Structures are given as C-alpha cells and as structure tokens.
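Containing mmCIF, N, CA, C and O atoms: final-v8.cif.
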data_protein
loop_
_atom_site.label_atom_id
_atom_site.label_comp_id
_atom_site.auth_asym_id
_atom_site.auth_seq_id
_atom_site.Cartn_x
_atom_site.Cartn_y
_atom_site.Cartn_z
N PHE P 1 -4.16 0.64 1.21
CA PHE P 1 -4.19 0.90 2.64
C PHE P 1 -5.34 1.85 2.95
O PHE P 1 -5.89 2.48 2.06
N ILE P 2 -5.68 1.97 4.23
CA ILE P 2 -6.80 2.78 4.67
C ILE P 2 -6.30 3.79 5.68
O ILE P 2 -5.51 3.47 6.57
N VAL P 3 -6.78 5.02 5.57
CA VAL P 3 -6.42 6.08 6.52
C VAL P 3 -7.70 6.55 7.20
O VAL P 3 -8.69 6.85 6.54
N LYS P 4 -7.69 6.60 8.54
CA LYS P 4 -8.86 7.04 9.30
C LYS P 4 -8.45 8.11 10.29
O LYS P 4 -7.39 8.01 10.92
N ASN P 5 -9.29 9.14 10.43
CA ASN P 5 -9.09 10.13 11.48
C ASN P 5 -9.54 9.51 12.79
O ASN P 5 -10.58 8.88 12.86
N ILE P 6 -8.72 9.66 13.83
CA ILE P 6 -9.11 9.19 15.15
C ILE P 6 -9.04 10.35 16.11
O ILE P 6 -8.65 11.45 15.73
N SER P 7 -9.42 10.16 17.34
CA SER P 7 -9.51 11.25 18.30
C SER P 7 -8.18 11.98 18.48
O SER P 7 -7.12 11.42 18.25
N GLY P 8 -8.29 13.23 18.89
CA GLY P 8 -7.09 14.04 19.05
C GLY P 8 -6.59 14.52 17.71
O GLY P 8 -7.35 14.65 16.76
N LYS P 9 -5.31 14.74 17.59
CA LYS P 9 -4.70 15.23 16.36
C LYS P 9 -3.94 14.12 15.67
O LYS P 9 -2.76 14.23 15.37
N SER P 10 -4.62 13.00 15.41
CA SER P 10 -3.92 11.86 14.84
C SER P 10 -4.77 11.10 13.82
O SER P 10 -5.98 11.21 13.81
N ILE P 11 -4.07 10.34 12.97
CA ILE P 11 -4.72 9.45 12.01
C ILE P 11 -4.12 8.06 12.15
O ILE P 11 -2.98 7.91 12.58
N LYS P 12 -4.91 7.06 11.79
CA LYS P 12 -4.45 5.67 11.85
C LYS P 12 -4.42 5.13 10.43
O LYS P 12 -5.38 5.24 9.69
N ILE P 13 -3.30 4.51 10.06
CA ILE P 13 -3.11 3.92 8.75
C ILE P 13 -3.06 2.41 8.91
O ILE P 13 -2.33 1.90 9.76
N THR P 14 -3.85 1.69 8.13
CA THR P 14 -3.81 0.23 8.15
C THR P 14 -3.55 -0.28 6.74
O THR P 14 -3.93 0.36 5.77
N TRP P 15 -2.90 -1.44 6.63
CA TRP P 15 -2.60 -2.02 5.33
C TRP P 15 -2.64 -3.54 5.44
O TRP P 15 -2.68 -4.10 6.52
N LYS P 16 -2.63 -4.19 4.27
CA LYS P 16 -2.64 -5.65 4.24
C LYS P 16 -1.24 -6.19 4.50
O LYS P 16 -0.25 -5.61 4.05
N LYS P 17 -1.18 -7.29 5.21
CA LYS P 17 0.08 -7.95 5.54
C LYS P 17 0.72 -8.51 4.26
O LYS P 17 0.03 -9.05 3.40
N LYS P 18 2.02 -8.36 4.14
CA LYS P 18 2.75 -8.88 2.99
C LYS P 18 3.73 -9.94 3.50
O LYS P 18 4.42 -9.72 4.49
N SER P 19 3.79 -11.06 2.82
CA SER P 19 4.66 -12.14 3.29
C SER P 19 6.12 -11.89 2.91
O SER P 19 6.42 -11.25 1.91
N GLY P 20 7.02 -12.37 3.75
CA GLY P 20 8.45 -12.30 3.49
C GLY P 20 9.09 -10.95 3.71
O GLY P 20 10.18 -10.69 3.21
N VAL P 21 8.43 -10.07 4.45
CA VAL P 21 9.02 -8.75 4.70
C VAL P 21 9.49 -8.65 6.15
O VAL P 21 9.06 -9.40 7.02
N THR P 22 10.39 -7.70 6.40
CA THR P 22 10.90 -7.45 7.74
C THR P 22 10.05 -6.41 8.47
O THR P 22 9.85 -6.48 9.67
N GLY P 23 9.57 -5.42 7.74
CA GLY P 23 8.77 -4.35 8.33
C GLY P 23 8.21 -3.44 7.27
O GLY P 23 8.25 -3.74 6.07
N TYR P 24 7.70 -2.29 7.73
CA TYR P 24 7.06 -1.33 6.82
C TYR P 24 7.52 0.08 7.15
O TYR P 24 7.91 0.37 8.27
N GLN P 25 7.44 0.95 6.15
CA GLN P 25 7.71 2.37 6.34
C GLN P 25 6.49 3.16 5.88
O GLN P 25 5.94 2.90 4.81
N VAL P 26 6.07 4.10 6.71
CA VAL P 26 4.95 4.98 6.38
C VAL P 26 5.51 6.39 6.29
O VAL P 26 6.17 6.86 7.22
N GLN P 27 5.29 7.05 5.17
CA GLN P 27 5.73 8.42 5.00
C GLN P 27 4.52 9.32 4.91
O GLN P 27 3.50 8.95 4.31
N TYR P 28 4.64 10.53 5.49
CA TYR P 28 3.56 11.50 5.38
C TYR P 28 4.14 12.90 5.26
O TYR P 28 5.22 13.19 5.75
N SER P 29 3.38 13.75 4.55
CA SER P 29 3.85 15.10 4.30
C SER P 29 2.66 15.98 3.95
O SER P 29 1.61 15.48 3.54
N THR P 30 2.83 17.29 4.06
CA THR P 30 1.81 18.22 3.60
C THR P 30 2.05 18.59 2.14
O THR P 30 1.23 19.25 1.53
N SER P 31 3.14 18.14 1.58
CA SER P 31 3.49 18.41 0.18
C SER P 31 3.12 17.21 -0.69
O SER P 31 3.43 16.07 -0.36
N SER P 32 2.49 17.46 -1.83
CA SER P 32 2.11 16.37 -2.72
C SER P 32 3.33 15.67 -3.32
O SER P 32 3.25 14.51 -3.72
N LYS P 33 4.46 16.37 -3.37
CA LYS P 33 5.70 15.78 -3.89
C LYS P 33 6.51 15.12 -2.78
O LYS P 33 7.65 14.73 -2.98
N MET P 34 5.91 15.06 -1.59
CA MET P 34 6.50 14.43 -0.41
C MET P 34 7.82 15.08 0.02
O MET P 34 8.71 14.42 0.55
N LYS P 35 7.94 16.39 -0.22
CA LYS P 35 9.11 17.11 0.26
C LYS P 35 9.04 17.23 1.77
O LYS P 35 7.97 17.43 2.33
N LYS P 36 10.16 17.09 2.42
CA LYS P 36 10.26 17.13 3.89
C LYS P 36 9.33 16.12 4.54
O LYS P 36 8.75 16.37 5.58
N ALA P 37 9.18 14.96 3.90
CA ALA P 37 8.30 13.91 4.43
C ALA P 37 8.90 13.32 5.70
O ALA P 37 10.11 13.16 5.82
N LYS P 38 8.03 13.00 6.63
CA LYS P 38 8.45 12.32 7.85
C LYS P 38 8.15 10.84 7.69
O LYS P 38 7.18 10.45 7.05
N THR P 39 9.01 10.00 8.25
CA THR P 39 8.89 8.56 8.10
C THR P 39 8.67 7.88 9.46
O THR P 39 9.39 8.17 10.41
N VAL P 40 7.69 7.00 9.50
CA VAL P 40 7.45 6.16 10.67
C VAL P 40 7.81 4.74 10.26
O VAL P 40 7.31 4.23 9.25
N THR P 41 8.71 4.10 10.99
CA THR P 41 9.15 2.75 10.67
C THR P 41 8.47 1.75 11.61
O THR P 41 8.52 1.91 12.82
N VAL P 42 7.84 0.75 11.02
CA VAL P 42 7.21 -0.34 11.76
C VAL P 42 8.13 -1.54 11.59
O VAL P 42 8.25 -2.08 10.50
N LYS P 43 8.81 -1.94 12.67
CA LYS P 43 9.85 -2.96 12.56
C LYS P 43 9.35 -4.39 12.63
O LYS P 43 10.11 -5.31 12.34
N LYS P 44 8.10 -4.60 12.96
CA LYS P 44 7.55 -5.96 13.05
C LYS P 44 6.69 -6.24 11.82
O LYS P 44 5.78 -5.47 11.51
N ALA P 45 6.95 -7.33 11.16
CA ALA P 45 6.21 -7.70 9.94
C ALA P 45 4.74 -8.02 10.23
O ALA P 45 3.89 -7.87 9.36
N LYS P 46 4.44 -8.45 11.44
CA LYS P 46 3.07 -8.81 11.80
C LYS P 46 2.19 -7.59 12.03
O LYS P 46 0.98 -7.68 11.98
N THR P 47 2.80 -6.45 12.32
CA THR P 47 2.05 -5.23 12.58
C THR P 47 1.55 -4.65 11.26
O THR P 47 2.33 -4.45 10.33
N THR P 48 0.26 -4.37 11.19
CA THR P 48 -0.32 -3.85 9.94
C THR P 48 -1.02 -2.51 10.13
O THR P 48 -1.97 -2.19 9.44
N SER P 49 -0.54 -1.73 11.09
CA SER P 49 -1.10 -0.40 11.28
C SER P 49 -0.08 0.52 11.96
O SER P 49 0.87 0.05 12.58
N ALA P 50 -0.29 1.81 11.78
CA ALA P 50 0.56 2.81 12.44
C ALA P 50 -0.31 4.04 12.71
O ALA P 50 -1.25 4.32 11.97
N THR P 51 0.02 4.74 13.77
CA THR P 51 -0.70 5.96 14.13
C THR P 51 0.25 7.14 14.02
O THR P 51 1.37 7.09 14.51
N ILE P 52 -0.22 8.17 13.34
CA ILE P 52 0.56 9.40 13.20
C ILE P 52 -0.16 10.47 13.99
O ILE P 52 -1.35 10.70 13.80
N SER P 53 0.59 11.12 14.87
CA SER P 53 -0.02 12.14 15.72
C SER P 53 0.64 13.50 15.51
O SER P 53 1.53 13.65 14.69
N LYS P 54 0.17 14.48 16.26
CA LYS P 54 0.64 15.87 16.20
C LYS P 54 0.41 16.49 14.82
O LYS P 54 1.28 17.18 14.28
N LEU P 55 -0.75 16.24 14.25
CA LEU P 55 -1.11 16.82 12.96
C LEU P 55 -1.76 18.18 13.16
O LEU P 55 -2.33 18.45 14.21
N LYS P 56 -1.68 19.02 12.14
CA LYS P 56 -2.26 20.36 12.22
C LYS P 56 -3.65 20.36 11.61
O LYS P 56 -3.87 19.82 10.53
N LYS P 57 -4.58 20.97 12.30
CA LYS P 57 -5.97 21.00 11.88
C LYS P 57 -6.13 21.78 10.57
O LYS P 57 -5.50 22.82 10.38
N GLY P 58 -6.97 21.25 9.68
CA GLY P 58 -7.26 21.94 8.42
C GLY P 58 -6.25 21.73 7.31
O GLY P 58 -6.41 22.25 6.21
N LYS P 59 -5.19 20.96 7.56
CA LYS P 59 -4.15 20.71 6.54
C LYS P 59 -4.43 19.42 5.81
O LYS P 59 -4.98 18.47 6.36
N LYS P 60 -4.00 19.36 4.54
CA LYS P 60 -4.05 18.11 3.77
C LYS P 60 -2.76 17.36 4.02
O LYS P 60 -1.68 17.93 3.98
N TYR P 61 -2.88 16.06 4.25
CA TYR P 61 -1.71 15.22 4.44
C TYR P 61 -1.68 14.14 3.36
O TYR P 61 -2.70 13.54 3.05
N TYR P 62 -0.50 13.90 2.82
CA TYR P 62 -0.27 12.88 1.81
C TYR P 62 0.45 11.73 2.50
O TYR P 62 1.47 11.95 3.16
N VAL P 63 -0.08 10.53 2.34
CA VAL P 63 0.44 9.36 3.06
C VAL P 63 0.74 8.25 2.06
O VAL P 63 -0.02 8.02 1.13
N ARG P 64 1.87 7.54 2.27
CA ARG P 64 2.19 6.38 1.45
C ARG P 64 2.92 5.34 2.31
O ARG P 64 3.53 5.68 3.32
N VAL P 65 2.84 4.09 1.88
CA VAL P 65 3.38 2.97 2.65
C VAL P 65 4.23 2.09 1.74
O VAL P 65 3.92 1.94 0.56
N ARG P 66 5.30 1.51 2.30
CA ARG P 66 6.08 0.50 1.58
C ARG P 66 6.62 -0.52 2.57
O ARG P 66 6.78 -0.25 3.75
N ALA P 67 6.91 -1.70 2.04
CA ALA P 67 7.50 -2.77 2.84
C ALA P 67 9.00 -2.78 2.60
O ALA P 67 9.47 -2.30 1.57
N TYR P 68 9.74 -3.33 3.57
CA TYR P 68 11.18 -3.50 3.37
C TYR P 68 11.61 -4.86 3.91
O TYR P 68 10.96 -5.45 4.75
N THR P 69 12.71 -5.34 3.37
CA THR P 69 13.27 -6.63 3.76
C THR P 69 14.74 -6.43 4.13
O THR P 69 15.45 -5.71 3.44
N LYS P 70 15.17 -7.07 5.21
CA LYS P 70 16.57 -7.01 5.63
C LYS P 70 17.17 -8.40 5.57
O LYS P 70 16.65 -9.33 6.19
N LYS P 71 18.24 -8.56 4.80
CA LYS P 71 18.94 -9.83 4.71
C LYS P 71 20.43 -9.56 4.72
O LYS P 71 20.92 -8.71 3.98
N LYS P 72 21.13 -10.28 5.57
CA LYS P 72 22.59 -10.16 5.69
C LYS P 72 23.03 -8.70 5.89
O LYS P 72 24.00 -8.25 5.31
N GLY P 73 22.27 -7.97 6.69
CA GLY P 73 22.62 -6.59 7.00
C GLY P 73 22.27 -5.57 5.94
O GLY P 73 22.48 -4.39 6.12
N LYS P 74 21.74 -6.01 4.81
CA LYS P 74 21.36 -5.09 3.73
C LYS P 74 19.85 -4.94 3.68
O LYS P 74 19.11 -5.91 3.85
N THR P 75 19.41 -3.72 3.43
CA THR P 75 17.98 -3.43 3.36
C THR P 75 17.56 -3.25 1.92
O THR P 75 18.19 -2.51 1.17
N LYS P 76 16.48 -3.93 1.56
CA LYS P 76 15.91 -3.78 0.23
C LYS P 76 14.50 -3.24 0.40
O LYS P 76 13.67 -3.85 1.07
N ASP P 77 14.22 -2.09 -0.22
CA ASP P 77 12.92 -1.44 -0.10
C ASP P 77 12.04 -1.76 -1.30
O ASP P 77 12.52 -1.77 -2.44
N ASP P 78 10.76 -2.00 -1.04
CA ASP P 78 9.78 -2.10 -2.12
C ASP P 78 9.44 -0.68 -2.57
O ASP P 78 9.80 0.29 -1.91
N ARG P 79 8.71 -0.58 -3.65
CA ARG P 79 8.24 0.73 -4.09
C ARG P 79 7.16 1.22 -3.13
O ARG P 79 6.45 0.42 -2.52
N PHE P 80 7.02 2.52 -3.03
CA PHE P 80 5.95 3.07 -2.22
C PHE P 80 4.61 2.82 -2.89
O PHE P 80 4.52 2.78 -4.12
N SER P 81 3.59 2.67 -2.08
CA SER P 81 2.23 2.53 -2.59
C SER P 81 1.81 3.86 -3.21
O SER P 81 2.52 4.85 -3.13
N TYR P 82 0.64 3.87 -3.79
CA TYR P 82 0.10 5.14 -4.26
C TYR P 82 -0.04 6.08 -3.07
O TYR P 82 -0.10 5.65 -1.93
N THR P 83 -0.14 7.35 -3.34
CA THR P 83 -0.24 8.35 -2.27
C THR P 83 -1.70 8.62 -1.96
O THR P 83 -2.49 8.85 -2.88
N TYR P 84 -2.05 8.58 -0.71
CA TYR P 84 -3.42 8.82 -0.25
C TYR P 84 -3.49 10.21 0.36
O TYR P 84 -2.61 10.60 1.12
N ILE P 85 -4.52 10.94 0.03
CA ILE P 85 -4.69 12.31 0.55
C ILE P 85 -5.77 12.29 1.62
O ILE P 85 -6.86 11.77 1.39
N THR P 86 -5.48 12.87 2.76
CA THR P 86 -6.48 13.00 3.82
C THR P 86 -6.41 14.40 4.37
O THR P 86 -5.34 15.03 4.41
N LYS P 87 -7.55 14.95 4.75
CA LYS P 87 -7.58 16.28 5.35
C LYS P 87 -7.95 16.10 6.81
O LYS P 87 -9.00 15.57 7.14
N TYR P 88 -7.04 16.51 7.69
CA TYR P 88 -7.31 16.40 9.12
C TYR P 88 -8.28 17.48 9.51
O TYR P 88 -8.10 18.64 9.19
N ARG P 89 -9.36 17.09 10.20
CA ARG P 89 -10.40 18.06 10.59
C ARG P 89 -10.35 18.32 12.06
O ARG P 89 -10.26 17.60 12.89
#
Starting from the file, give its structure as structure tokens.
Amino acid sequence: FIVKNISGKSIKITWKKKSGVTGYQVQYSTSSKMKKAKTVTVKKAKTTSATISKLKKGKKYYVRVRAYTKKKGKTKDDRFSYTYITKYR
C-alpha cells in the first residue's frame, strides 16, 4: 500500500483491490507495537483508499491494512500487511 501526506493534518492510504473481500480495515498508531491503535473500516470492497485526519505534526505514524470477509454473519480477517512508517510534517 502507499501512504501520502495531503493538505491539512491528514494522510491518504491507497492499496490494491483484492477479490472476494467484503471490505478493509486500516489501523494507525504512534506506537510501533500498534498499542492504542485506531481503526478505520472501509465497508465497500471496491474502495481502495482511506483518509486519516487529525494527525499531530512532527509525530511518526505506523499504518497497516487488512482485508476482511463476511459470510453468514461471521467475519474472517486476513493478516495485516506490513507496517508502514510515515512522519507527518
């Protein structure tokens, strides 16, 4: 996936579309171990980007993405991608 700084206090994350999924989860944190990570859920499988806002200037953010599938009311999560480090300027 790709992380880009955009105007204001936000970053945009884009990833490749995966077939057979229900949606995606994007987690971000200032901790490398993803403690107290916040999660953004993208509920449409066709959507391949998310914007995270209200970031603090000068902090390092760790970002990771995973896909999930929902069948018969049960959710199955894929593994998270590698963690990407970005410094908001």
- What's the 10 Å shell around Tyr62 (chain P), counting only C-alpha atoms, without same-chain residues fewer than 5 positions away, as a PyMOL selection string? chain P and resi 27-34+37+82-87
- Quick one: apply the PyMOL selection byres ((chain P and resi 81) around 6) to the file and drop the selected residues here as a list of chain:residue names.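 Expected selection for the PyMOL selection byres ((chain P and resi 81) around 6) here is P:Val63, P:Arg64, P:Val65, P:Arg66, P:Arg79, P:Phe80, P:Tyr82, P:Thr83.
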- Evaluate the PyMOL selection byres (((chain P and resi 52 and name CA) around 7) and name CA) here and jot the selected residues down as a list in words.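 With the PyMOL selection byres (((chain P and resi 52 and name CA) around 7) and name CA) on this model, the match is Ser10, Ile11, Lys12, Ala50, Thr51 and Ser53 of chain P.
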- Which distance in Å separates atom O of Lys71 (chain P) and atom N of Lys16 (chain P), to one decimal?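 Distance reported for this atom pair: 24.0 Å.
Computed from the coordinates, the atom O of Tyr24 (chain P) to atom N of Lys74 (chain P) distance equals 15.6 Å.
Using only C-alpha atoms, the shortest contact distance between Lys43 (chain P) and any of P:Lys9, P:Gln25, P:Thr14, P:Ile2 is found at P:Gln25.
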- Which of P:Asp77, P:Thr39, P:Lys59, P:Ala45 sits closest to Gly20 (chain P) [using only C-alpha atoms]: P:Ala45
Residue rebuild result region 60-71 of chain P, all heavy atoms as a short mmCIF file (atom, residue, chain, number, x, y, z; two decimals), in the frame of the given file:
data_model
loop_
_atom_site.label_atom_id
_atom_site.label_comp_id
_atom_site.auth_asym_id
_atom_site.auth_seq_id
_atom_site.Cartn_x
_atom_site.Cartn_y
_atom_site.Cartn_z
N LYS P 60 -4.00 19.36 4.54
CA LYS P 60 -4.05 18.11 3.77
C LYS P 60 -2.76 17.36 4.02
O LYS P 60 -1.68 17.93 3.98
CB LYS P 60 -4.14 18.42 2.28
CG LYS P 60 -5.50 18.65 1.76
CD LYS P 60 -5.46 18.76 0.25
CE LYS P 60 -6.80 19.16 -0.30
NZ LYS P 60 -6.79 19.34 -1.75
N TYR P 61 -2.88 16.06 4.25
CA TYR P 61 -1.71 15.22 4.44
C TYR P 61 -1.68 14.14 3.36
O TYR P 61 -2.70 13.54 3.05
CB TYR P 61 -1.72 14.58 5.84
CG TYR P 61 -1.32 15.55 6.91
CD1 TYR P 61 -2.28 16.32 7.56
CD2 TYR P 61 0.01 15.72 7.25
CE1 TYR P 61 -1.91 17.24 8.53
CE2 TYR P 61 0.38 16.63 8.23
CZ TYR P 61 -0.58 17.39 8.85
OH TYR P 61 -0.21 18.30 9.81
N TYR P 62 -0.50 13.90 2.82
CA TYR P 62 -0.27 12.88 1.81
C TYR P 62 0.45 11.73 2.50
O TYR P 62 1.47 11.95 3.16
CB TYR P 62 0.55 13.45 0.66
CG TYR P 62 -0.15 14.60 -0.03
CD1 TYR P 62 -0.04 15.90 0.46
CD2 TYR P 62 -0.94 14.38 -1.15
CE1 TYR P 62 -0.71 16.95 -0.17
CE2 TYR P 62 -1.59 15.42 -1.78
CZ TYR P 62 -1.47 16.71 -1.27
OH TYR P 62 -2.13 17.74 -1.89
N VAL P 63 -0.08 10.53 2.34
CA VAL P 63 0.44 9.36 3.06
C VAL P 63 0.74 8.25 2.06
O VAL P 63 -0.02 8.02 1.13
CB VAL P 63 -0.60 8.84 4.09
CG1 VAL P 63 -0.05 7.66 4.87
CG2 VAL P 63 -1.02 9.95 5.04
N ARG P 64 1.87 7.54 2.27
CA ARG P 64 2.19 6.38 1.45
C ARG P 64 2.92 5.34 2.31
O ARG P 64 3.53 5.68 3.32
CB ARG P 64 3.01 6.77 0.23
CG ARG P 64 4.34 7.41 0.52
CD ARG P 64 4.97 7.93 -0.75
NE ARG P 64 6.32 8.43 -0.50
CZ ARG P 64 7.11 8.89 -1.44
NH1 ARG P 64 6.70 8.93 -2.70
NH2 ARG P 64 8.32 9.33 -1.15
N VAL P 65 2.84 4.09 1.88
CA VAL P 65 3.38 2.97 2.65
C VAL P 65 4.23 2.09 1.74
O VAL P 65 3.92 1.94 0.56
CB VAL P 65 2.23 2.11 3.24
CG1 VAL P 65 2.77 0.93 4.03
CG2 VAL P 65 1.31 2.94 4.10
N ARG P 66 5.30 1.51 2.30
CA ARG P 66 6.08 0.50 1.58
C ARG P 66 6.62 -0.52 2.57
O ARG P 66 6.78 -0.25 3.75
CB ARG P 66 7.22 1.12 0.78
CG ARG P 66 8.40 1.60 1.59
CD ARG P 66 9.49 2.09 0.66
NE ARG P 66 10.56 2.76 1.38
CZ ARG P 66 11.53 3.43 0.79
NH1 ARG P 66 11.55 3.53 -0.52
NH2 ARG P 66 12.46 4.01 1.49
N ALA P 67 6.91 -1.70 2.04
CA ALA P 67 7.50 -2.77 2.84
C ALA P 67 9.00 -2.78 2.60
O ALA P 67 9.47 -2.30 1.57
CB ALA P 67 6.89 -4.11 2.44
N TYR P 68 9.74 -3.33 3.57
CA TYR P 68 11.18 -3.50 3.37
C TYR P 68 11.61 -4.86 3.91
O TYR P 68 10.96 -5.45 4.75
CB TYR P 68 11.98 -2.36 4.00
CG TYR P 68 12.00 -2.35 5.50
CD1 TYR P 68 12.98 -3.04 6.22
CD2 TYR P 68 11.05 -1.63 6.23
CE1 TYR P 68 13.00 -3.02 7.60
CE2 TYR P 68 11.07 -1.62 7.60
CZ TYR P 68 12.04 -2.31 8.29
OH TYR P 68 12.06 -2.29 9.65
N THR P 69 12.71 -5.34 3.37
CA THR P 69 13.27 -6.63 3.76
C THR P 69 14.74 -6.43 4.13
O THR P 69 15.45 -5.71 3.44
CB THR P 69 13.19 -7.62 2.58
OG1 THR P 69 11.87 -7.61 2.08
CG2 THR P 69 13.53 -9.02 3.02
N LYS P 70 15.17 -7.07 5.21
CA LYS P 70 16.57 -7.01 5.63
C LYS P 70 17.17 -8.40 5.57
O LYS P 70 16.65 -9.33 6.19
CB LYS P 70 16.67 -6.48 7.06
CG LYS P 70 17.30 -5.14 7.17
CD LYS P 70 17.48 -4.75 8.62
CE LYS P 70 18.17 -3.41 8.66
NZ LYS P 70 18.29 -2.89 9.99
N LYS P 71 18.24 -8.56 4.80
CA LYS P 71 18.94 -9.83 4.71
C LYS P 71 20.43 -9.56 4.72
O LYS P 71 20.92 -8.71 3.98
CB LYS P 71 18.56 -10.58 3.43
CG LYS P 71 17.16 -11.14 3.47
CD LYS P 71 16.88 -12.02 2.28
CE LYS P 71 15.48 -12.58 2.37
NZ LYS P 71 15.13 -13.37 1.20
#
